[in-house]
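Structure data follow from structure06.txt (compact mmCIF, C-alpha atoms):
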```txt
# COMPACT_ATOMS: atom_id res chain seq x y z
CA MET A 25 58.79 1.36 -3.89
CA PRO A 26 55.95 -0.68 -2.36
CA VAL A 27 56.53 -4.28 -1.36
CA THR A 28 55.62 -7.15 -3.69
CA LEU A 29 52.38 -9.10 -3.50
CA SER A 30 54.18 -12.04 -1.93
CA GLU A 31 55.80 -9.80 0.72
CA PHE A 32 52.39 -8.25 1.46
CA ARG A 33 50.84 -11.68 1.90
CA SER A 34 53.62 -12.96 4.11
CA GLY A 35 53.24 -9.87 6.30
CA MET A 36 49.46 -10.17 6.56
CA ARG A 37 49.72 -13.84 7.53
CA ALA A 38 51.58 -12.64 10.62
CA LEU A 39 48.58 -10.56 11.70
CA ALA A 40 46.38 -13.05 13.56
CA ALA A 41 42.71 -12.22 13.03
CA PRO A 42 39.24 -13.47 13.89
CA VAL A 43 37.34 -15.08 11.03
CA ASN A 44 34.10 -13.20 10.32
CA VAL A 45 31.16 -13.67 8.00
CA ILE A 46 29.89 -10.35 6.64
CA THR A 47 26.25 -10.51 5.59
CA THR A 48 23.67 -8.25 4.02
CA ALA A 49 20.10 -8.39 2.75
CA ILE A 50 17.74 -6.30 0.67
CA ALA A 51 14.21 -7.12 -0.42
CA GLY A 52 14.58 -10.77 0.54
CA GLU A 53 17.91 -11.20 -1.25
CA ARG A 54 20.71 -12.30 1.09
CA GLY A 55 24.45 -12.42 0.49
CA GLY A 56 27.63 -12.80 2.45
CA LEU A 57 31.36 -13.33 2.45
CA THR A 58 34.09 -14.44 4.84
CA ALA A 59 36.57 -11.74 5.83
CA THR A 60 39.22 -11.04 8.43
CA ALA A 61 39.49 -7.35 7.49
CA VAL A 62 37.35 -5.76 10.20
CA ILE A 63 38.51 -2.77 12.26
CA SER A 64 37.24 -0.96 15.32
CA LEU A 65 37.03 2.72 14.36
CA THR A 66 35.34 4.94 16.94
CA ALA A 67 33.58 4.20 20.22
CA GLU A 68 31.51 7.40 20.17
CA PRO A 69 29.67 7.04 17.90
CA PRO A 70 30.08 3.25 17.75
CA GLN A 71 31.57 2.57 14.31
CA LEU A 72 33.56 -0.20 12.68
CA GLY A 73 35.04 -0.72 9.24
CA VAL A 74 34.98 -3.67 6.83
CA ALA A 75 37.14 -3.94 3.70
CA VAL A 76 35.42 -5.80 0.85
CA ASN A 77 36.99 -6.76 -2.46
CA LYS A 78 35.22 -5.20 -5.46
CA ALA A 79 35.35 -8.58 -7.18
CA ASN A 80 33.15 -10.07 -4.47
CA GLY A 81 29.53 -10.54 -5.48
CA SER A 82 28.26 -9.30 -2.12
CA LEU A 83 29.81 -5.84 -2.51
CA LYS A 84 27.05 -4.51 -4.77
CA LEU A 85 24.44 -5.96 -2.44
CA ILE A 86 25.96 -4.17 0.59
CA GLU A 87 26.03 -0.92 -1.41
CA LYS A 88 22.38 -1.32 -2.40
CA ALA A 89 21.18 -2.47 1.01
CA GLY A 90 23.17 0.07 3.04
CA ILE A 91 23.38 -2.42 5.90
CA PHE A 92 25.65 -5.27 6.93
CA ALA A 93 26.32 -7.54 9.89
CA VAL A 94 29.69 -8.76 11.11
CA ASN A 95 29.36 -12.28 12.51
CA VAL A 96 32.46 -13.32 14.48
CA LEU A 97 32.83 -17.10 14.16
CA THR A 98 33.48 -19.56 16.97
CA HIS A 99 36.04 -22.34 16.63
CA ASP A 100 33.32 -24.84 15.70
CA GLN A 101 31.91 -22.67 12.89
CA LEU A 102 34.76 -23.25 10.46
CA ASP A 103 32.34 -24.99 8.06
CA ILE A 104 30.28 -21.79 7.86
CA GLY A 105 33.44 -19.75 7.23
CA ASN A 106 34.37 -22.11 4.40
CA VAL A 107 30.96 -21.82 2.72
CA PHE A 108 31.05 -17.99 2.79
CA ALA A 109 34.67 -18.01 1.61
CA GLY A 110 33.47 -19.74 -1.56
CA ALA A 111 35.12 -23.08 -0.77
CA THR A 112 31.89 -24.84 -1.81
CA ASP A 113 29.59 -24.32 -4.81
CA ALA A 114 27.05 -22.43 -2.70
CA ARG A 115 26.42 -18.87 -3.86
CA GLY A 116 23.97 -16.20 -2.65
CA GLU A 117 21.02 -17.53 -0.71
CA ALA A 118 22.34 -21.12 -0.82
CA ARG A 119 25.13 -20.15 1.60
CA PHE A 120 22.58 -19.56 4.37
CA LYS A 121 21.74 -23.28 4.48
CA VAL A 122 24.58 -23.69 6.98
CA GLY A 123 24.05 -22.16 10.42
CA THR A 124 20.95 -20.66 12.01
CA TRP A 125 20.17 -17.11 10.98
CA ALA A 126 18.06 -14.33 12.45
CA THR A 127 17.91 -10.54 12.24
CA MET A 128 18.33 -7.85 14.87
CA VAL A 129 17.70 -4.18 14.05
CA THR A 130 18.78 -3.45 10.46
CA GLY A 131 17.56 -6.69 8.88
CA ALA A 132 21.03 -7.95 7.96
CA PRO A 133 21.35 -11.70 8.64
CA VAL A 134 22.96 -12.48 12.01
CA LEU A 135 24.37 -15.89 12.80
CA LYS A 136 23.10 -17.45 16.00
CA GLN A 137 25.70 -19.03 18.29
CA ALA A 138 28.41 -16.76 16.83
CA LYS A 139 31.10 -15.38 19.14
CA ALA A 140 29.63 -11.93 18.44
CA ASN A 141 27.30 -10.10 16.02
CA PHE A 142 27.59 -6.45 15.01
CA ASP A 143 24.50 -5.20 13.19
CA CYS A 144 25.51 -2.12 11.17
CA ARG A 145 24.13 0.63 8.97
CA VAL A 146 26.54 1.95 6.30
CA ILE A 147 27.47 5.55 7.16
CA THR A 148 30.06 6.15 4.47
CA CYS A 149 32.52 4.20 2.35
CA PHE A 150 35.97 4.80 0.95
CA GLU A 151 37.23 3.38 -2.32
CA LEU A 152 40.78 2.06 -2.20
CA SER A 153 41.82 0.55 -5.54
CA THR A 154 40.61 -3.09 -5.39
CA HIS A 155 38.56 -2.71 -2.19
CA VAL A 156 35.82 -0.63 -0.63
CA LEU A 157 36.03 0.16 3.08
CA PHE A 158 32.52 0.33 4.47
CA VAL A 159 32.11 2.33 7.68
CA GLY A 160 29.18 1.00 9.70
CA MET A 161 27.29 2.56 12.59
CA ILE A 162 26.66 -0.27 15.04
CA GLU A 163 22.92 -0.48 15.71
CA ALA A 164 22.98 -3.69 17.75
CA VAL A 165 25.55 -5.97 19.35
CA ARG A 166 25.26 -9.48 20.71
CA VAL A 167 28.18 -11.18 22.45
CA ASN A 168 28.63 -14.79 23.48
CA ALA A 169 31.34 -14.27 26.08
CA ALA A 170 31.84 -17.97 26.75
CA ALA A 171 32.41 -18.92 23.10
CA ASP A 172 35.91 -19.54 21.73
CA PRO A 173 36.68 -17.49 18.61
CA LEU A 174 38.03 -18.98 15.40
CA LEU A 175 41.29 -17.26 14.49
CA TYR A 176 43.46 -17.35 11.38
CA ALA A 177 47.22 -16.80 11.55
CA ASP A 178 50.35 -18.00 9.79
CA GLY A 179 48.15 -19.74 7.21
CA CYS A 180 46.42 -21.88 9.86
CA TYR A 181 43.14 -21.87 11.72
CA GLY A 182 43.37 -21.83 15.48
CA GLY A 183 42.15 -20.20 18.62
CA PHE A 184 42.97 -17.87 21.45
CA VAL A 185 44.67 -19.17 24.56
CA ARG A 186 45.12 -16.98 27.61
CA LYS A 187 48.59 -16.22 28.87
CA GLU A 188 47.92 -18.05 32.16
CA SER A 189 46.73 -21.11 30.24
CA ARG A 190 49.95 -21.06 28.32
CA GLU A 191 52.01 -21.48 31.45
CA PHE A 192 49.65 -24.19 32.62
CA ALA A 193 49.87 -25.97 29.26
CA GLN A 194 53.64 -25.79 29.47
CA GLN A 195 53.54 -27.34 32.92
CA LEU A 196 51.29 -30.09 31.61
CA ALA A 197 53.64 -30.68 28.71
CA LEU A 198 56.56 -30.95 31.11
CA GLN A 199 54.64 -33.37 33.28
CA ALA A 200 53.76 -35.40 30.20
CA LEU A 201 57.42 -35.43 29.19
CA GLU A 202 58.51 -36.50 32.63
CA LEU A 203 55.93 -39.25 32.61
CA ASN A 204 57.03 -40.15 29.10
CA THR A 205 53.44 -40.15 27.90
CA ALA A 206 53.96 -37.58 25.14
CA ALA A 207 57.27 -36.65 23.60
CA VAL A 208 56.22 -33.57 21.68
CA PHE A 209 54.02 -30.63 22.66
CA ASP A 210 53.62 -28.51 19.57
CA SER A 211 51.91 -25.53 21.13
CA PRO A 212 53.20 -22.33 19.53
CA TRP A 213 54.00 -21.23 23.06
CA MET B 14 19.74 4.09 17.38
CA PRO B 15 23.43 3.18 17.83
CA VAL B 16 24.52 0.92 20.66
CA THR B 17 25.85 2.35 23.92
CA LEU B 18 29.53 2.77 24.72
CA SER B 19 29.42 -0.23 27.02
CA GLU B 20 27.77 -2.40 24.34
CA PHE B 21 30.41 -1.25 21.83
CA ARG B 22 33.22 -2.16 24.23
CA SER B 23 31.76 -5.54 25.06
CA GLY B 24 31.46 -6.29 21.33
CA MET B 25 35.00 -5.19 20.55
CA ARG B 26 36.42 -7.29 23.38
CA ALA B 27 35.05 -10.30 21.46
CA LEU B 28 37.20 -9.42 18.43
CA ALA B 29 40.57 -11.01 19.23
CA ALA B 30 43.40 -8.90 17.83
CA PRO B 31 47.17 -8.73 17.68
CA VAL B 32 48.77 -6.05 19.86
CA ASN B 33 50.77 -3.59 17.74
CA VAL B 34 52.99 -0.62 18.44
CA ILE B 35 52.55 2.13 15.84
CA THR B 36 55.60 4.37 15.55
CA THR B 37 56.64 7.43 13.62
CA ALA B 38 59.58 9.86 13.42
CA ILE B 39 60.37 13.22 11.92
CA ALA B 40 63.56 15.24 12.24
CA GLY B 41 64.84 13.10 15.08
CA GLU B 42 61.58 13.23 17.05
CA ARG B 43 60.08 9.78 17.67
CA GLY B 44 56.65 8.84 18.95
CA GLY B 45 54.45 5.80 19.22
CA LEU B 46 51.32 4.22 20.61
CA THR B 47 49.90 0.75 21.20
CA ALA B 48 46.91 -0.17 19.04
CA THR B 49 44.93 -3.19 17.97
CA ALA B 50 43.05 -1.28 15.23
CA VAL B 51 45.04 -2.29 12.15
CA ILE B 52 43.37 -3.54 8.96
CA SER B 53 44.58 -5.11 5.73
CA LEU B 54 43.13 -2.99 2.91
CA THR B 55 44.44 -3.87 -0.55
CA ALA B 56 47.10 -6.27 -1.79
CA GLU B 57 47.71 -4.40 -5.05
CA PRO B 58 48.94 -1.86 -4.19
CA PRO B 59 49.98 -3.12 -0.74
CA GLN B 60 48.05 -0.93 1.71
CA LEU B 61 46.93 -1.19 5.31
CA GLY B 62 44.93 1.06 7.63
CA VAL B 63 45.51 2.20 11.20
CA ALA B 64 42.92 4.01 13.34
CA VAL B 65 44.46 6.51 15.77
CA ASN B 66 42.61 8.48 18.44
CA LYS B 67 42.85 12.23 17.95
CA ALA B 68 43.58 12.58 21.66
CA ASN B 69 46.79 10.59 21.24
CA GLY B 70 49.95 12.69 21.18
CA SER B 71 51.44 10.67 18.33
CA LEU B 72 48.66 11.53 15.89
CA LYS B 73 50.03 14.98 15.04
CA LEU B 74 53.49 13.49 14.63
CA ILE B 75 52.22 10.87 12.14
CA GLU B 76 50.43 13.64 10.22
CA LYS B 77 53.59 15.75 10.09
CA ALA B 78 55.95 12.87 9.30
CA GLY B 79 53.71 11.19 6.71
CA ILE B 80 55.18 7.82 7.69
CA PHE B 81 54.48 5.13 10.28
CA ALA B 82 55.46 1.59 11.12
CA VAL B 83 53.23 -1.16 12.46
CA ASN B 84 55.19 -3.39 14.83
CA VAL B 85 53.31 -6.60 15.62
CA LEU B 86 54.33 -7.71 19.13
CA THR B 87 55.36 -11.18 20.19
CA HIS B 88 54.07 -12.78 23.39
CA ASP B 89 57.21 -11.75 25.28
CA GLN B 90 56.94 -8.07 24.28
CA LEU B 91 54.01 -7.24 26.54
CA ASP B 92 56.24 -4.82 28.50
CA ILE B 93 56.81 -2.82 25.30
CA GLY B 94 53.07 -2.81 24.59
CA ASN B 95 52.42 -1.47 28.09
CA VAL B 96 54.94 1.36 27.73
CA PHE B 97 53.45 2.51 24.41
CA ALA B 98 49.93 2.16 25.83
CA GLY B 99 50.87 4.79 28.41
CA ALA B 100 50.86 2.39 31.36
CA THR B 101 54.13 3.95 32.55
CA ASP B 102 55.22 7.60 32.83
CA ALA B 103 57.30 7.34 29.65
CA ARG B 104 56.22 9.73 26.91
CA GLY B 105 57.70 10.49 23.47
CA GLU B 106 61.34 9.49 23.07
CA ALA B 107 61.49 7.93 26.55
CA ARG B 108 59.23 5.10 25.34
CA PHE B 109 61.97 3.87 23.01
CA LYS B 110 64.17 2.87 25.97
CA VAL B 111 62.42 -0.51 25.94
CA GLY B 112 63.16 -2.78 22.98
CA THR B 113 65.75 -2.49 20.23
CA TRP B 114 64.84 -0.15 17.40
CA ALA B 115 66.05 0.29 13.84
CA THR B 116 64.69 1.78 10.61
CA MET B 117 63.93 0.20 7.25
CA VAL B 118 62.92 2.35 4.27
CA THR B 119 60.79 5.29 5.44
CA GLY B 120 62.71 6.05 8.63
CA ALA B 121 59.87 5.13 10.99
CA PRO B 122 61.16 3.19 14.03
CA VAL B 123 60.86 -0.58 13.62
CA LEU B 124 61.09 -2.93 16.59
CA LYS B 125 63.62 -5.72 16.23
CA GLN B 126 62.45 -9.21 17.24
CA ALA B 127 58.82 -8.24 16.58
CA LYS B 128 56.46 -10.79 15.03
CA ALA B 129 56.28 -8.49 11.99
CA ASN B 130 57.07 -4.94 10.90
CA PHE B 131 55.20 -2.97 8.25
CA ASP B 132 57.04 0.19 7.19
CA CYS B 133 54.47 2.55 5.65
CA ARG B 134 54.10 5.89 3.89
CA VAL B 135 50.79 7.70 4.49
CA ILE B 136 48.80 7.78 1.24
CA THR B 137 45.61 9.32 2.53
CA CYS B 138 43.65 9.58 5.75
CA PHE B 139 39.99 9.69 6.69
CA GLU B 140 38.61 11.58 9.64
CA LEU B 141 35.96 9.69 11.63
CA SER B 142 34.76 11.69 14.65
CA THR B 143 37.27 10.83 17.43
CA HIS B 144 39.74 8.97 15.20
CA VAL B 145 41.78 9.34 12.04
CA LEU B 146 42.21 6.31 9.80
CA PHE B 147 45.63 6.49 8.17
CA VAL B 148 46.03 4.53 4.94
CA GLY B 149 49.62 3.46 4.49
CA MET B 150 51.45 2.19 1.43
CA ILE B 151 53.69 -0.62 2.65
CA GLU B 152 57.27 0.15 1.62
CA ALA B 153 58.94 -2.69 3.52
CA VAL B 154 57.91 -5.80 5.44
CA ARG B 155 59.82 -8.01 7.83
CA VAL B 156 58.30 -11.18 9.24
CA ASN B 157 59.52 -13.43 12.03
CA ALA B 158 57.54 -16.53 11.11
CA ALA B 159 58.65 -18.53 14.14
CA ALA B 160 57.61 -15.88 16.69
CA ASP B 161 54.39 -16.22 18.70
CA PRO B 162 52.15 -13.16 18.47
CA LEU B 163 50.71 -11.36 21.50
CA LEU B 164 46.93 -11.26 21.20
CA TYR B 165 44.26 -9.43 23.16
CA ALA B 166 40.74 -10.82 23.54
CA ASP B 167 37.97 -10.86 26.14
CA GLY B 168 39.96 -8.36 28.21
CA CYS B 169 42.96 -10.70 28.49
CA TYR B 170 46.35 -11.07 26.88
CA GLY B 171 47.07 -14.38 25.26
CA GLY B 172 48.31 -16.13 22.17
CA PHE B 173 47.40 -18.14 19.12
CA VAL B 174 47.13 -21.88 19.33
CA ARG B 175 46.66 -24.02 16.23
CA LYS B 176 43.60 -26.17 15.92
CA GLU B 177 45.68 -29.37 15.98
CA SER B 178 47.46 -28.23 19.15
CA ARG B 179 44.09 -27.77 20.77
CA GLU B 180 43.26 -31.44 20.45
CA PHE B 181 46.69 -32.34 21.77
CA ALA B 182 46.28 -29.96 24.70
CA GLN B 183 42.92 -31.54 25.47
CA GLN B 184 44.50 -34.99 25.47
CA LEU B 185 47.17 -33.75 27.84
CA ALA B 186 44.54 -32.26 30.10
CA LEU B 187 42.68 -35.57 30.16
CA GLN B 188 45.88 -37.41 30.96
CA ALA B 189 46.57 -34.94 33.73
CA LEU B 190 43.10 -35.49 35.12
CA GLU B 191 43.49 -39.24 34.99
CA LEU B 192 46.81 -38.98 36.73
CA ASN B 193 45.22 -36.60 39.20
CA THR B 194 48.11 -34.17 38.78
CA ALA B 195 45.93 -31.21 37.80
CA ALA B 196 42.27 -30.84 38.43
CA VAL B 197 41.49 -27.95 36.11
CA PHE B 198 42.61 -27.15 32.59
CA ASP B 199 41.31 -23.69 31.84
CA SER B 200 42.13 -23.51 28.14
CA PRO B 201 39.35 -21.67 26.29
CA TRP B 202 39.21 -24.72 24.05
```
Mind turning the file's structure into structure tokens?
Amino acid sequence: MPVTLSEFRSGMRALAAPVNVITTAIAGERGGLTATAVISLTAEPPQLGVAVNKANGSLKLIEKAGIFAVNVLTHDQLDIGNVFAGATDARGEARFKVGTWATMVTGAPVLKQAKANFDCRVITCFELSTHVLFVGMIEAVRVNAAADPLLYADGCYGGFVRKESREFAQQLALQALELNTAAVFDSPW
Amino acid sequence: MPVTLSEFRSGMRALAAPVNVITTAIAGERGGLTATAVISLTAEPPQLGVAVNKANGSLKLIEKAGIFAVNVLTHDQLDIGNVFAGATDARGEARFKVGTWATMVTGAPVLKQAKANFDCRVITCFELSTHVLFVGMIEAVRVNAAADPLLYADGCYGGFVRKESREFAQQLALQALELNTAAVFDSPW
């Protein structure tokens, strides 16, 4: 017997993931949603997958347009993630008032200053009960190597910290403790 | 025209991801591989997807067994990730010498002390050139909420740090600088 909805959710919260804004456009109409469900599929040809809820207004637009972009957010783009997650009243075109948008090859909106942009053409899609998994051929990529990604895990927003930094942070915390300048260091490490 | 292999790789490196060991078993034969390509698909029913390279020896075993487990590694299980990534000579059963293994519902090997375990039954699979995307119905979940996940991003291993911790870490770094005890704080934040 499958697990319950609450067990599913508790499991998925344990899977840390980048926060992405998936966008599309057709004949001047733009739409987008925030999603963590993005997967690397094949390197040759370069393909990725995006799972979109059928209840989301942008799904039909992606189907019609046949293109989408995955915009990987940086830690200071949480406000953009919130708008595309529907946390504000903004719908459709109004969501693009936050951030600076351009296009690359397919015409799907790409967010400038994102951690990365994947500009994709829909190759095929698979229907899975409540969701559609779009498989996209990557037509263009832009990476901002220096940017810090925005991650979501355990119900919290956060970021990536390198293993070496962890040890350094621990050393700093110990120094702080010894100097009695900070009693608690709540790094998850 | 799709992007080149090197563009694909540079894009994917920007997508921070948990490091997982995917395992399977049939008639006493166990196999497994390390993979970051895991995606949440639908909550109702509880389904996830895993993309496995056809060149990987465990693919045939998953197909035969019709079951797999996703074991989300903690930051101190990097050695296990390396073994299942083929960084050592260990193949097949020999890989299970690292870590402590049990089973839940399906019989697929689940790693104790992992950040999370998803015990899945294969519902369907999609062939995508070099890879197969297995869709698994989640039959059991175990979560270790307190554990710190092992993440991979920008070609480095690391972990998740909460947004609030970031500000605290920055304060510590500033204090360290003022006290001249550490000249560089290389947190990505």
Write out as a tab-separated table the residues of region 110-205 of chain A that have any atom within 12 Å of an atom of region 83-99 of chain A, one row each with the nearest atom pair and its distance in Å to one decimal, counting all atoms listed in the file, sorted by chain and then rising number.
```
residue	atom	partner	partner_atom	distance
A:Gly116	CA	A:Leu85	CA	10.3
A:Gly123	CA	A:Leu97	CA	10.8
A:Thr124	CA	A:Asn95	CA	11.9
A:Trp125	CA	A:Asn95	CA	10.5
A:Ala126	CA	A:Ala93	CA	11.0
A:Thr127	CA	A:Ala93	CA	9.2
A:Met128	CA	A:Ala93	CA	9.4
A:Val129	CA	A:Ile91	CA	10.1
A:Thr130	CA	A:Ile91	CA	6.6
A:Gly131	CA	A:Ile91	CA	7.8
A:Ala132	CA	A:Phe92	CA	5.4
A:Pro133	CA	A:Ala93	CA	6.6
A:Val134	CA	A:Ala93	CA	6.3
A:Leu135	CA	A:Asn95	CA	6.2
A:Lys136	CA	A:Asn95	CA	8.8
A:Gln137	CA	A:Thr98	CA	7.9
A:Ala138	CA	A:Leu97	CA	5.2
A:Lys139	CA	A:Val96	CA	5.3
A:Ala140	CA	A:Val96	CA	5.1
A:Asn141	CA	A:Asn95	CA	4.6
A:Phe142	CA	A:Val94	CA	5.0
A:Asp143	CA	A:Ala93	CA	4.4
A:Cys144	CA	A:Phe92	CA	5.3
A:Arg145	CA	A:Ile91	CA	4.4
A:Val146	CA	A:Gly90	CA	5.1
A:Ile147	CA	A:Gly90	CA	8.1
A:Thr148	CA	A:Gly90	CA	9.3
A:Cys149	CA	A:Glu87	CA	9.1
A:Phe150	CA	A:Glu87	CA	11.7
A:Glu151	CA	A:Leu83	CA	11.8
A:Thr154	CA	A:Leu83	CA	11.5
A:His155	CA	A:Leu83	CA	9.3
A:Val156	CA	A:Leu83	CA	8.2
A:Leu157	CA	A:Leu83	CA	10.3
A:Phe158	CA	A:Glu87	CA	8.8
A:Val159	CA	A:Phe92	CA	10.0
A:Gly160	CA	A:Phe92	CA	7.7
A:Met161	CA	A:Ile91	CA	9.2
A:Ile162	CA	A:Ala93	CA	8.9
A:Glu163	CA	A:Ala93	CA	9.8
A:Ala164	CA	A:Ala93	CA	9.4
A:Val165	CA	A:Ala93	CA	9.6
A:Arg166	CA	A:Asn95	CA	9.6
A:Val167	CA	A:Val96	CA	9.3
A:Asn168	CA	A:Thr98	CA	9.4
A:Ala169	CA	A:Thr98	CA	10.7
A:Ala170	CA	A:Thr98	CA	10.0
A:Ala171	CA	A:Thr98	CA	6.3
A:Asp172	CA	A:Thr98	CA	5.3
A:Pro173	CA	A:Thr98	CA	4.1
A:Leu174	CA	A:His99	CA	4.1
A:Leu175	CA	A:His99	CA	7.6
A:Tyr176	CA	A:His99	CA	10.4
A:Tyr181	CA	A:His99	CA	8.6
A:Gly182	CA	A:His99	CA	7.4
A:Gly183	CA	A:His99	CA	6.8
A:Phe184	CA	A:His99	CA	9.6
```
Might you pull out every residue within 9 Å of Phe120 (chain A), with only C-alpha atoms counted and same-chain residues fewer than 4 positions away left off, and present them as number ranges by chain? A: 54-56, 104, 107-108, 114, 116, 124-125
What is the distance between CA of Asn44 (chain A) and CA of Asn33 (chain B), in Å to one decimal?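 The value is 20.6 Å.
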Which residue gives the smallest distance to chain A among B:Lys67, B:Arg26, B:Arg108, B:Arg175, with only C-alpha atoms counted?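 Of all the options, B:Arg175 lies closest to chain A.
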Find the residue from A:Ile46, A:Ala51, A:Ala118, A:Ile63 that sits nearest to chain B; use only C-alpha atoms when measuring. A:Ile63
With distances taken over only C-alpha atoms, the candidate from B:Ala68, B:Ala166, B:Ile39, B:Ala98 nearest Ser23 (chain B) is B:Ala166
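Separating CA of Val43 (chain A) from CA of Leu61 (chain B) is a distance of 17.8 Å.
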Correct to one decimal, the distance CA of Leu91 (chain B)-CA of Ala50 (chain B) is 16.8 Å
